[in-house]
>>> print(open('protein.cif').read())   # mmCIF, C-alpha atoms and all ligand atoms
data_model
loop_
_atom_site.label_atom_id
_atom_site.label_comp_id
_atom_site.auth_asym_id
_atom_site.auth_seq_id
_atom_site.Cartn_x
_atom_site.Cartn_y
_atom_site.Cartn_z
CA MET P 1 12.73 4.20 -34.29
CA SER P 2 11.10 3.09 -37.50
CA ALA P 3 9.35 -0.25 -37.29
CA GLU P 4 10.08 -3.35 -39.26
CA VAL P 5 6.85 -4.42 -40.97
CA ILE P 6 5.85 -8.06 -40.55
CA TYR P 7 4.09 -9.01 -43.76
CA GLY P 8 1.80 -11.91 -42.92
CA LYS P 9 1.05 -12.16 -46.62
CA ASP P 10 4.63 -13.08 -47.54
CA LEU P 11 4.95 -15.50 -44.65
CA ALA P 12 1.62 -17.05 -45.64
CA THR P 13 2.87 -17.59 -49.19
CA GLN P 14 5.97 -19.32 -47.86
CA ILE P 15 4.08 -21.57 -45.44
CA ARG P 16 1.45 -22.44 -48.04
CA GLN P 17 4.21 -23.60 -50.39
CA GLU P 18 5.39 -25.99 -47.66
CA MET P 19 1.82 -27.17 -47.12
CA LYS P 20 1.34 -27.75 -50.83
CA GLU P 21 4.19 -30.25 -50.74
CA GLU P 22 2.73 -31.92 -47.68
CA VAL P 23 -0.71 -32.22 -49.31
CA ALA P 24 0.90 -33.79 -52.39
CA SER P 25 2.79 -36.33 -50.31
CA LEU P 26 -0.30 -37.22 -48.21
CA SER P 27 -2.22 -37.65 -51.43
CA LYS P 28 0.22 -40.35 -52.55
CA GLU P 29 -0.78 -42.29 -49.43
CA GLY P 30 -4.46 -41.88 -50.25
CA ILE P 31 -5.08 -39.10 -47.71
CA HIS P 32 -6.93 -36.12 -49.21
CA PRO P 33 -7.47 -33.37 -46.61
CA LYS P 34 -10.85 -31.77 -47.16
CA LEU P 35 -12.40 -28.62 -45.72
CA VAL P 36 -16.07 -27.69 -45.84
CA VAL P 37 -17.04 -24.06 -45.25
CA ILE P 38 -20.66 -23.24 -44.48
CA ILE P 39 -21.95 -19.73 -44.97
CA VAL P 40 -25.48 -18.66 -44.05
CA GLY P 41 -26.79 -15.53 -45.78
CA GLU P 42 -25.22 -13.04 -48.11
CA ASP P 43 -23.18 -10.65 -46.01
CA PRO P 44 -20.63 -9.23 -48.50
CA ALA P 45 -17.70 -9.22 -46.03
CA SER P 46 -18.33 -12.85 -45.08
CA GLN P 47 -18.63 -13.77 -48.75
CA SER P 48 -15.28 -12.17 -49.46
CA TYR P 49 -13.56 -14.06 -46.57
CA VAL P 50 -14.94 -17.45 -47.57
CA LYS P 51 -13.92 -16.90 -51.19
CA GLY P 52 -10.40 -16.24 -49.91
CA LYS P 53 -10.51 -19.50 -47.97
CA GLN P 54 -11.71 -21.42 -51.05
CA ARG P 55 -9.00 -19.94 -53.25
CA ALA P 56 -6.28 -20.68 -50.73
CA SER P 57 -7.35 -24.33 -50.33
CA GLU P 58 -7.40 -24.88 -54.06
CA ASN P 59 -3.98 -23.27 -54.46
CA ILE P 60 -2.37 -25.84 -52.18
CA GLY P 61 -4.21 -28.71 -53.87
CA MET P 62 -6.56 -29.28 -50.95
CA GLU P 63 -10.16 -30.32 -51.44
CA SER P 64 -12.64 -27.73 -50.33
CA ASP P 65 -16.42 -27.33 -50.56
CA LEU P 66 -18.51 -24.26 -49.97
CA LEU P 67 -22.08 -24.73 -48.76
CA GLU P 68 -24.09 -21.55 -49.27
CA LEU P 69 -27.31 -21.56 -47.26
CA SER P 70 -29.97 -18.87 -47.53
CA ALA P 71 -30.30 -16.20 -44.82
CA ASP P 72 -33.60 -17.73 -43.59
CA THR P 73 -32.14 -21.20 -43.00
CA SER P 74 -33.49 -22.68 -39.76
CA GLN P 75 -31.24 -23.75 -36.92
CA GLU P 76 -32.55 -27.30 -37.30
CA LYS P 77 -31.54 -27.41 -40.95
CA LEU P 78 -28.04 -26.10 -40.18
CA LEU P 79 -27.56 -28.62 -37.35
CA GLU P 80 -28.70 -31.40 -39.69
CA THR P 81 -26.15 -30.29 -42.30
CA ILE P 82 -23.37 -30.32 -39.70
CA GLU P 83 -24.45 -33.79 -38.53
CA GLN P 84 -24.09 -35.10 -42.09
CA LEU P 85 -20.62 -33.62 -42.42
CA ASN P 86 -19.62 -35.06 -39.02
CA SER P 87 -20.40 -38.54 -40.27
CA ASP P 88 -18.84 -38.08 -43.73
CA SER P 89 -15.37 -39.65 -43.46
CA ALA P 90 -14.14 -37.76 -46.55
CA VAL P 91 -14.56 -34.46 -44.66
CA HIS P 92 -11.79 -33.53 -42.21
CA GLY P 93 -12.52 -29.90 -41.36
CA ILE P 94 -15.81 -28.02 -40.87
CA LEU P 95 -16.00 -24.24 -40.57
CA VAL P 96 -19.24 -22.32 -40.06
CA GLN P 97 -18.64 -18.69 -40.93
CA LEU P 98 -19.62 -16.31 -38.12
CA PRO P 99 -21.64 -14.25 -37.37
CA LEU P 100 -24.86 -16.21 -38.00
CA PRO P 101 -28.36 -14.78 -38.56
CA ASP P 102 -30.47 -14.07 -35.45
CA GLN P 103 -32.68 -17.16 -35.65
CA ILE P 104 -29.63 -19.37 -35.10
CA ASP P 105 -27.94 -19.96 -31.73
CA GLU P 106 -24.21 -19.67 -32.46
CA GLN P 107 -23.14 -21.66 -29.40
CA LYS P 108 -25.41 -24.59 -30.34
CA VAL P 109 -23.88 -24.65 -33.80
CA ILE P 110 -20.31 -24.57 -32.52
CA GLU P 111 -21.08 -27.41 -30.11
CA ALA P 112 -22.63 -29.51 -32.88
CA ILE P 113 -19.34 -29.72 -34.79
CA ASP P 114 -17.31 -32.86 -34.08
CA PRO P 115 -14.36 -31.55 -31.99
CA LYS P 116 -12.03 -33.62 -34.21
CA LYS P 117 -13.24 -31.63 -37.25
CA ASP P 118 -13.40 -28.25 -35.47
CA VAL P 119 -10.64 -26.53 -37.44
CA ASP P 120 -11.64 -23.12 -36.00
CA GLY P 121 -10.87 -24.42 -32.50
CA PHE P 122 -14.12 -22.92 -31.14
CA HIS P 123 -15.69 -26.06 -29.61
CA PRO P 124 -15.69 -25.93 -25.78
CA ILE P 125 -13.65 -29.15 -25.69
CA ASN P 126 -10.93 -27.55 -27.81
CA VAL P 127 -11.15 -24.26 -25.90
CA GLY P 128 -10.65 -26.29 -22.69
CA LYS P 129 -7.69 -28.09 -24.17
CA LEU P 130 -6.07 -24.80 -25.15
CA MET P 131 -6.67 -23.50 -21.65
CA THR P 132 -5.11 -26.57 -20.02
CA GLY P 133 -2.15 -26.58 -22.40
CA GLN P 134 -3.09 -29.74 -24.32
CA GLU P 135 -2.49 -30.40 -27.99
CA THR P 136 -5.53 -29.31 -30.02
CA PHE P 137 -6.72 -27.09 -32.89
CA TYR P 138 -5.73 -23.56 -31.99
CA PRO P 139 -8.08 -20.82 -33.26
CA CYS P 140 -6.69 -19.64 -36.60
CA THR P 141 -6.14 -15.93 -35.95
CA PRO P 142 -4.37 -16.40 -32.58
CA TYR P 143 -2.29 -19.23 -34.00
CA GLY P 144 -1.38 -17.10 -37.02
CA ILE P 145 -0.24 -14.33 -34.69
CA LEU P 146 1.92 -16.77 -32.71
CA VAL P 147 3.57 -18.04 -35.89
CA MET P 148 4.21 -14.46 -37.08
CA LEU P 149 5.88 -13.55 -33.78
CA LYS P 150 8.01 -16.68 -33.84
CA ARG P 151 9.11 -16.27 -37.44
CA ALA P 152 10.04 -12.64 -36.73
CA ASN P 153 12.14 -13.94 -33.81
CA VAL P 154 10.20 -11.93 -31.25
CA THR P 155 10.79 -13.30 -27.73
CA ILE P 156 7.49 -14.06 -25.98
CA GLU P 157 8.64 -15.57 -22.69
CA GLY P 158 8.57 -13.07 -19.83
CA LYS P 159 7.19 -10.28 -22.03
CA HIS P 160 4.18 -8.19 -21.09
CA VAL P 161 1.49 -8.86 -23.68
CA VAL P 162 -1.49 -6.50 -23.67
CA VAL P 163 -4.51 -7.70 -25.63
CA VAL P 164 -7.18 -5.13 -26.50
CA GLY P 165 -10.43 -7.06 -27.11
CA ARG P 166 -11.73 -10.18 -25.36
CA SER P 167 -13.87 -11.99 -27.93
CA ASN P 168 -14.00 -15.79 -27.96
CA LEU P 169 -12.80 -15.64 -31.58
CA VAL P 170 -9.62 -13.61 -31.13
CA GLY P 171 -8.89 -11.71 -27.91
CA LYS P 172 -9.33 -14.44 -25.29
CA PRO P 173 -7.59 -17.25 -27.18
CA VAL P 174 -4.62 -15.13 -28.31
CA GLY P 175 -3.99 -14.15 -24.69
CA GLN P 176 -4.24 -17.78 -23.59
CA LEU P 177 -1.92 -19.00 -26.34
CA LEU P 178 0.74 -16.42 -25.38
CA LEU P 179 0.25 -17.19 -21.68
CA ASN P 180 1.06 -20.80 -22.59
CA GLU P 181 4.28 -19.40 -24.11
CA ASN P 182 5.10 -17.84 -20.72
CA ALA P 183 4.11 -14.25 -21.45
CA THR P 184 2.49 -12.08 -18.78
CA VAL P 185 -0.92 -11.18 -20.19
CA THR P 186 -3.26 -8.23 -19.59
CA TYR P 187 -6.68 -8.00 -21.26
CA CYS P 188 -8.37 -4.68 -22.05
CA HIS P 189 -12.00 -4.30 -23.14
CA SER P 190 -14.81 -1.78 -23.35
CA ARG P 191 -15.06 -1.42 -19.54
CA THR P 192 -11.31 -1.02 -18.95
CA LYS P 193 -10.34 2.20 -17.19
CA ASN P 194 -7.20 4.11 -18.13
CA MET P 195 -6.53 1.88 -21.07
CA LYS P 196 -3.73 4.05 -22.38
CA GLU P 197 -1.68 3.44 -19.22
CA LEU P 198 -1.91 -0.28 -19.90
CA THR P 199 -1.24 -0.24 -23.63
CA GLN P 200 1.82 1.94 -22.99
CA GLN P 201 3.24 -0.82 -20.79
CA ALA P 202 3.00 -3.48 -23.49
CA ASP P 203 6.09 -5.16 -24.90
CA ILE P 204 3.69 -6.81 -27.33
CA LEU P 205 0.36 -5.09 -28.07
CA ILE P 206 -2.39 -7.03 -29.82
CA VAL P 207 -5.41 -5.05 -30.96
CA ALA P 208 -8.62 -6.88 -31.90
CA VAL P 209 -11.54 -4.51 -31.51
CA GLY P 210 -12.98 -3.43 -34.86
CA LYS P 211 -12.58 0.33 -34.47
CA PRO P 212 -10.50 2.02 -37.17
CA HIS P 213 -7.31 3.65 -35.84
CA MET P 214 -8.33 3.46 -32.16
CA ILE P 215 -4.65 2.90 -31.25
CA THR P 216 -2.12 5.54 -32.28
CA GLY P 217 1.57 6.17 -31.67
CA GLU P 218 0.66 7.91 -28.39
CA ASP P 219 -0.78 4.72 -26.95
CA ILE P 220 2.35 2.61 -27.33
CA ALA P 221 5.82 2.40 -25.85
CA GLU P 222 8.98 3.01 -27.82
CA GLY P 223 10.10 -0.34 -29.26
CA ALA P 224 6.79 -2.19 -28.76
CA VAL P 225 5.69 -4.99 -31.08
CA VAL P 226 2.26 -4.09 -32.48
CA ILE P 227 -0.10 -6.67 -33.96
CA ASP P 228 -3.16 -5.20 -35.68
CA VAL P 229 -5.99 -7.71 -36.03
CA GLY P 230 -8.74 -5.25 -36.96
CA VAL P 231 -10.27 -5.41 -40.39
CA ASN P 232 -12.43 -2.37 -41.06
CA ARG P 233 -13.83 -1.17 -44.33
CA VAL P 234 -13.64 2.62 -44.51
CA ASP P 235 -14.67 4.34 -47.75
CA GLY P 236 -14.28 1.05 -49.55
CA LYS P 237 -10.72 0.53 -48.27
CA LEU P 238 -9.49 -1.94 -45.67
CA THR P 239 -7.90 -0.47 -42.60
CA GLY P 240 -6.84 -1.79 -39.20
CA ASP P 241 -7.47 -0.79 -35.58
CA VAL P 242 -4.04 0.81 -35.42
CA ASP P 243 -2.99 4.10 -36.99
CA PHE P 244 -0.09 2.58 -38.92
CA GLU P 245 1.66 5.85 -39.65
CA SER P 246 2.07 7.14 -36.09
CA ALA P 247 2.49 3.68 -34.51
CA SER P 248 5.23 2.59 -36.91
CA GLU P 249 7.37 5.55 -35.83
CA LYS P 250 7.62 4.09 -32.32
CA ALA P 251 7.16 0.35 -32.73
CA SER P 252 10.01 -2.11 -33.33
CA TYR P 253 7.74 -4.45 -35.31
CA ILE P 254 4.26 -3.83 -36.69
CA THR P 255 1.78 -5.73 -38.85
CA PRO P 256 -0.06 -3.93 -41.67
CA VAL P 257 -3.73 -4.19 -42.73
CA PRO P 258 -4.26 -5.58 -45.30
CA LYS P 259 -1.46 -8.15 -45.87
CA GLY P 260 -0.86 -8.74 -42.15
CA VAL P 261 -2.79 -11.05 -39.84
CA GLY P 262 -5.62 -11.86 -42.29
CA PRO P 263 -3.62 -14.03 -44.71
CA MET P 264 -2.09 -15.88 -41.73
CA THR P 265 -5.59 -16.69 -40.40
CA ILE P 266 -6.42 -18.48 -43.63
CA THR P 267 -3.05 -20.24 -43.64
CA MET P 268 -3.63 -21.66 -40.16
CA LEU P 269 -7.08 -22.85 -41.23
CA LEU P 270 -5.41 -24.89 -43.95
CA HIS P 271 -2.82 -26.08 -41.44
CA ASN P 272 -5.56 -27.22 -39.04
CA THR P 273 -7.38 -29.08 -41.81
CA ILE P 274 -4.22 -30.99 -42.74
CA LYS P 275 -3.69 -31.72 -39.05
CA ALA P 276 -7.27 -33.05 -38.78
CA ALA P 277 -6.72 -35.37 -41.74
CA LYS P 278 -3.45 -36.65 -40.29
CA TRP P 279 -5.01 -37.26 -36.87
CA ILE P 280 -7.85 -39.32 -38.31
CA HIS P 281 -5.31 -41.45 -40.20
CA ASN P 282 -3.00 -41.75 -37.16
CA ARG P 283 -0.18 -39.91 -38.88
N1 LIG O 301 -7.47 -10.52 -39.52
C1 LIG O 301 -8.21 -11.55 -39.17
O1 LIG O 301 -7.91 -12.67 -39.51
C2 LIG O 301 -9.41 -11.36 -38.34
C3 LIG O 301 -9.83 -10.08 -38.08
N2 LIG O 301 -10.90 -9.84 -37.28
C4 LIG O 301 -11.21 -8.45 -36.99
O2 LIG O 301 -10.78 -8.15 -35.67
C5 LIG O 301 -11.63 -7.22 -35.05
C6 LIG O 301 -12.16 -7.83 -33.77
O3 LIG O 301 -12.92 -8.97 -34.05
P1 LIG O 301 -13.73 -9.76 -32.92
O4 LIG O 301 -12.82 -10.10 -31.81
O5 LIG O 301 -14.48 -10.82 -33.60
O6 LIG O 301 -14.74 -8.58 -32.46
P2 LIG O 301 -15.84 -8.50 -31.34
O7 LIG O 301 -16.75 -7.40 -31.75
O8 LIG O 301 -16.40 -9.83 -31.03
O9 LIG O 301 -15.03 -8.02 -30.04
C7 LIG O 301 -14.53 -6.74 -29.94
C8 LIG O 301 -13.84 -6.56 -28.60
O10 LIG O 301 -13.36 -5.23 -28.51
C9 LIG O 301 -13.74 -4.66 -27.27
N3 LIG O 301 -13.94 -3.23 -27.41
C10 LIG O 301 -14.91 -2.56 -28.06
N4 LIG O 301 -14.75 -1.24 -27.95
C11 LIG O 301 -13.65 -1.04 -27.20
C12 LIG O 301 -12.98 0.11 -26.72
N5 LIG O 301 -13.40 1.34 -27.02
N6 LIG O 301 -11.87 -0.06 -25.96
C13 LIG O 301 -11.42 -1.30 -25.66
N7 LIG O 301 -12.03 -2.43 -26.09
C14 LIG O 301 -13.12 -2.29 -26.85
C15 LIG O 301 -15.02 -5.36 -26.88
O11 LIG O 301 -15.16 -5.27 -25.48
P3 LIG O 301 -16.40 -5.93 -24.66
O12 LIG O 301 -16.09 -7.39 -24.59
O13 LIG O 301 -16.34 -5.27 -23.34
O14 LIG O 301 -17.64 -5.63 -25.45
C16 LIG O 301 -14.75 -6.77 -27.38
O15 LIG O 301 -14.10 -7.55 -26.42
C17 LIG O 301 -12.67 -6.89 -36.10
O16 LIG O 301 -12.24 -5.76 -36.82
C18 LIG O 301 -12.67 -8.10 -37.01
O17 LIG O 301 -13.08 -7.79 -38.32
C19 LIG O 301 -11.58 -10.88 -36.69
C20 LIG O 301 -11.22 -12.18 -36.93
C21 LIG O 301 -10.12 -12.52 -37.80
N1 LIG O 302 -15.93 -19.33 -38.16
C1 LIG O 302 -15.18 -18.26 -38.48
N2 LIG O 302 -13.83 -18.36 -38.54
C2 LIG O 302 -13.07 -17.28 -38.86
O1 LIG O 302 -11.83 -17.38 -38.90
C3 LIG O 302 -13.72 -16.03 -39.15
C4 LIG O 302 -15.12 -15.99 -39.09
N3 LIG O 302 -15.82 -17.09 -38.74
N4 LIG O 302 -15.78 -14.82 -39.34
C5 LIG O 302 -15.09 -13.61 -39.75
C6 LIG O 302 -13.65 -13.56 -39.29
C7 LIG O 302 -12.78 -12.65 -40.11
N5 LIG O 302 -11.76 -13.47 -40.72
C8 LIG O 302 -10.80 -13.05 -41.64
C9 LIG O 302 -10.05 -13.92 -42.40
C10 LIG O 302 -9.17 -13.48 -43.36
C11 LIG O 302 -8.99 -12.13 -43.61
C12 LIG O 302 -8.05 -11.70 -44.70
O2 LIG O 302 -7.47 -12.50 -45.41
N6 LIG O 302 -7.85 -10.39 -44.92
C13 LIG O 302 -6.98 -9.86 -45.97
C14 LIG O 302 -7.75 -8.97 -46.92
C15 LIG O 302 -8.91 -9.64 -47.58
C16 LIG O 302 -9.75 -8.69 -48.42
O3 LIG O 302 -9.16 -7.98 -49.25
O4 LIG O 302 -10.98 -8.67 -48.24
C17 LIG O 302 -5.87 -9.04 -45.36
O5 LIG O 302 -6.03 -8.61 -44.20
O6 LIG O 302 -4.87 -8.83 -46.04
C18 LIG O 302 -9.71 -11.24 -42.86
C19 LIG O 302 -10.59 -11.70 -41.88
C20 LIG O 302 -11.97 -14.77 -40.34
N7 LIG O 302 -13.02 -14.89 -39.52
#
>>> encode(input="protein.cif", output="C-alpha cells")
Amino acid sequence: MSAEVIYGKDLATQIRQEMKEEVASLSKEGIHPKLVVIIVGEDPASQSYVKGKQRASENIGMESDLLELSADTSQEKLLETIEQLNSDSAVHGILVQLPLPDQIDEQKVIEAIDPKKDVDGFHPINVGKLMTGQETFYPCTPYGILVMLKRANVTIEGKHVVVVGRSNLVGKPVGQLLLNENATVTYCHSRTKNMKELTQQADILIVAVGKPHMITGEDIAEGAVVIDVGVNRVDGKLTGDVDFESASEKASYITPVPKGVGPMTITMLLHNTIKAAKWIHNR
C-alpha cells in the first residue's frame, strides 16, 4: 500500500480562509479578536514559531501583539505582565511560548493566565474540562490532529489509537481528545517495554517524542494512519519522528514534516482566539 499524504498545510490554508471571513464579519459588529504572544529569551526555534504565529494572525486580519522579554526576566515580572493582559479587555488570547528559562516556574505561569484567555488550553481548569468532556479550549496541536483526521474522513470511534509520548503539551491531551471521540487509547513513553508490539497494533499511531525517525515502517501495521508530530532540526532541515519513506509504504494515511501537523497547530490557535473573543461577547 502507498499512503495518502495528509497535508496539514493545505487544510490550514483552507480553514484560515474561512476564519478570515469570520474575523471580517465579527469586526463589523465591533469585535476584534486579539492574541498576545509572550516569548522569554532568544531561542531560535521558539523565535521561528512565534513569527509564524504572528504572520498567520495578520494574514486573517486578526490583531496580534508579540511581547519579547529578555532571557533574564524574573518570574515576578512575567506574572505581572500576564496580570495586565488578563485585565485588558481588548486582549482575548494569551500564549506564553514554552519552554521558559530556568528561573521561571512554568506551572505558576500557566496558572496565572485567565482560563478564559488560555488559548493554549494548558490551564488546569481547561485541562480538567477536557478530561471531563466539557466545552473548552482544546490544546492546539491535539485539536489540529483531530481536525486533520476528521477532514480526511478517518473513523476514530472504536479504533485503537496508540500515542507515543505523554507530555502535557501534546501526548496526554491528544489521547484524551481521541478517547472523548470513543477511541481506545494506549500511551507509550520512555519506560514502556516492548513498544514495537504496541505500535504495531495501532489503527491510528500518533508520535510526539522529538527523536528523528524513531518510528519506521517496521513499527507499524499495514494500513495504519500515522500522525507525525515531531519537529526536529537535523543538518538545518526539519524532519519528523517518523521515517516517512518506509512508513508511507505501509500506512493508509500519513502526515509529513514539514507541512503536516505544525501549520494546523497555528490554525487552531487562531481558532481558539476567535472562540475566546466570541465567548466574552456572548456570541
Ligand atoms: N508540530 C507541532 O505543532 C508541534 C510539535 N512538537 C514537537 O513534538 C515533539 C514532542 O514534543 P513534546 O511533547 O513537547 O516533547 P516532550 O519532550 O515534552 O515529551 C517527549 C515524550 O516522549 C517520550 N519519549 C522520549 N523518548 C522516548 C522513547 N525512546 N520511546 C518512547 N517515548 C519516548 C517521553 O517520555 P517520558 O515522559 O517517559 O519522559 C515524553 O513523554 C517534539 O519534536 C516537538 O518539537 C511539539 C509541539 C507542537
Ligand atoms: N505555549 C506554547 N504553545 C505551543 O503551541 C508551542 C509552544 N508553546 N512551544 C513550542 C511548540 C512547538 N510548536 C509548533 C508550532 C508550529 C510549528 C510549525 O508550523 N511547523 C512548520 C514548519 C515551520 C518552520 O519552517 O520552522 C511545519 O511543520 O510545517 C511547529 C511547532 C508550538 N508549540
>>> residues_near_ligand(input="protein.cif", ligand="ligand LIG 301 (chain O)", cutoff="9 Å", atoms="all atoms listed in the file", output="MDAnalysis selection string")
chainID P and resid 98:99 140:142 144 164:172 188:192 195 207:212 214 228:233 239:241 257:258 260:266
>>> atom_distance(input="protein.cif", atom1="CA of Ile15 in chain P", atom2="CA of Phe122 in chain P")
23.2 Å
>>> residues_around(input="protein.cif", residues="Val109 in chain P", least_positions_apart="6", cutoff="12 Å", atoms="only C-alpha atoms", output="PyMOL selection string")
chain P and resi 38+40+74-83+94-101+103+115+118+122-124
>>> residues_near_point(input="protein.cif", point="(8.8, -10.4, -28.6)", cutoff="8 Å", atoms="only C-alpha atoms", output="list in words")
Leu149, Asn153, Val154, Thr155, Ile156, Glu157, Lys159, Asp203, Ile204 and Val225 of chain P
>>> closest_residue(input="protein.cif", among="P:Asp72, P:Ser64, P:Asp114, P:Met148", to="Gln84 in chain P", atoms="all atoms listed in the file")
P:Asp114
>>> atom_distance(input="protein.cif", atom1="atom C8 of ligand LIG 302 (chain O)", atom2="CA of Pro173 in chain P")
15.4 Å
>>> closest_residue(input="protein.cif", among="P:Gly158, P:Pro256, P:Pro33, P:Gly175", to="Met19 in chain P", atoms="all atoms listed in the file")
P:Pro33
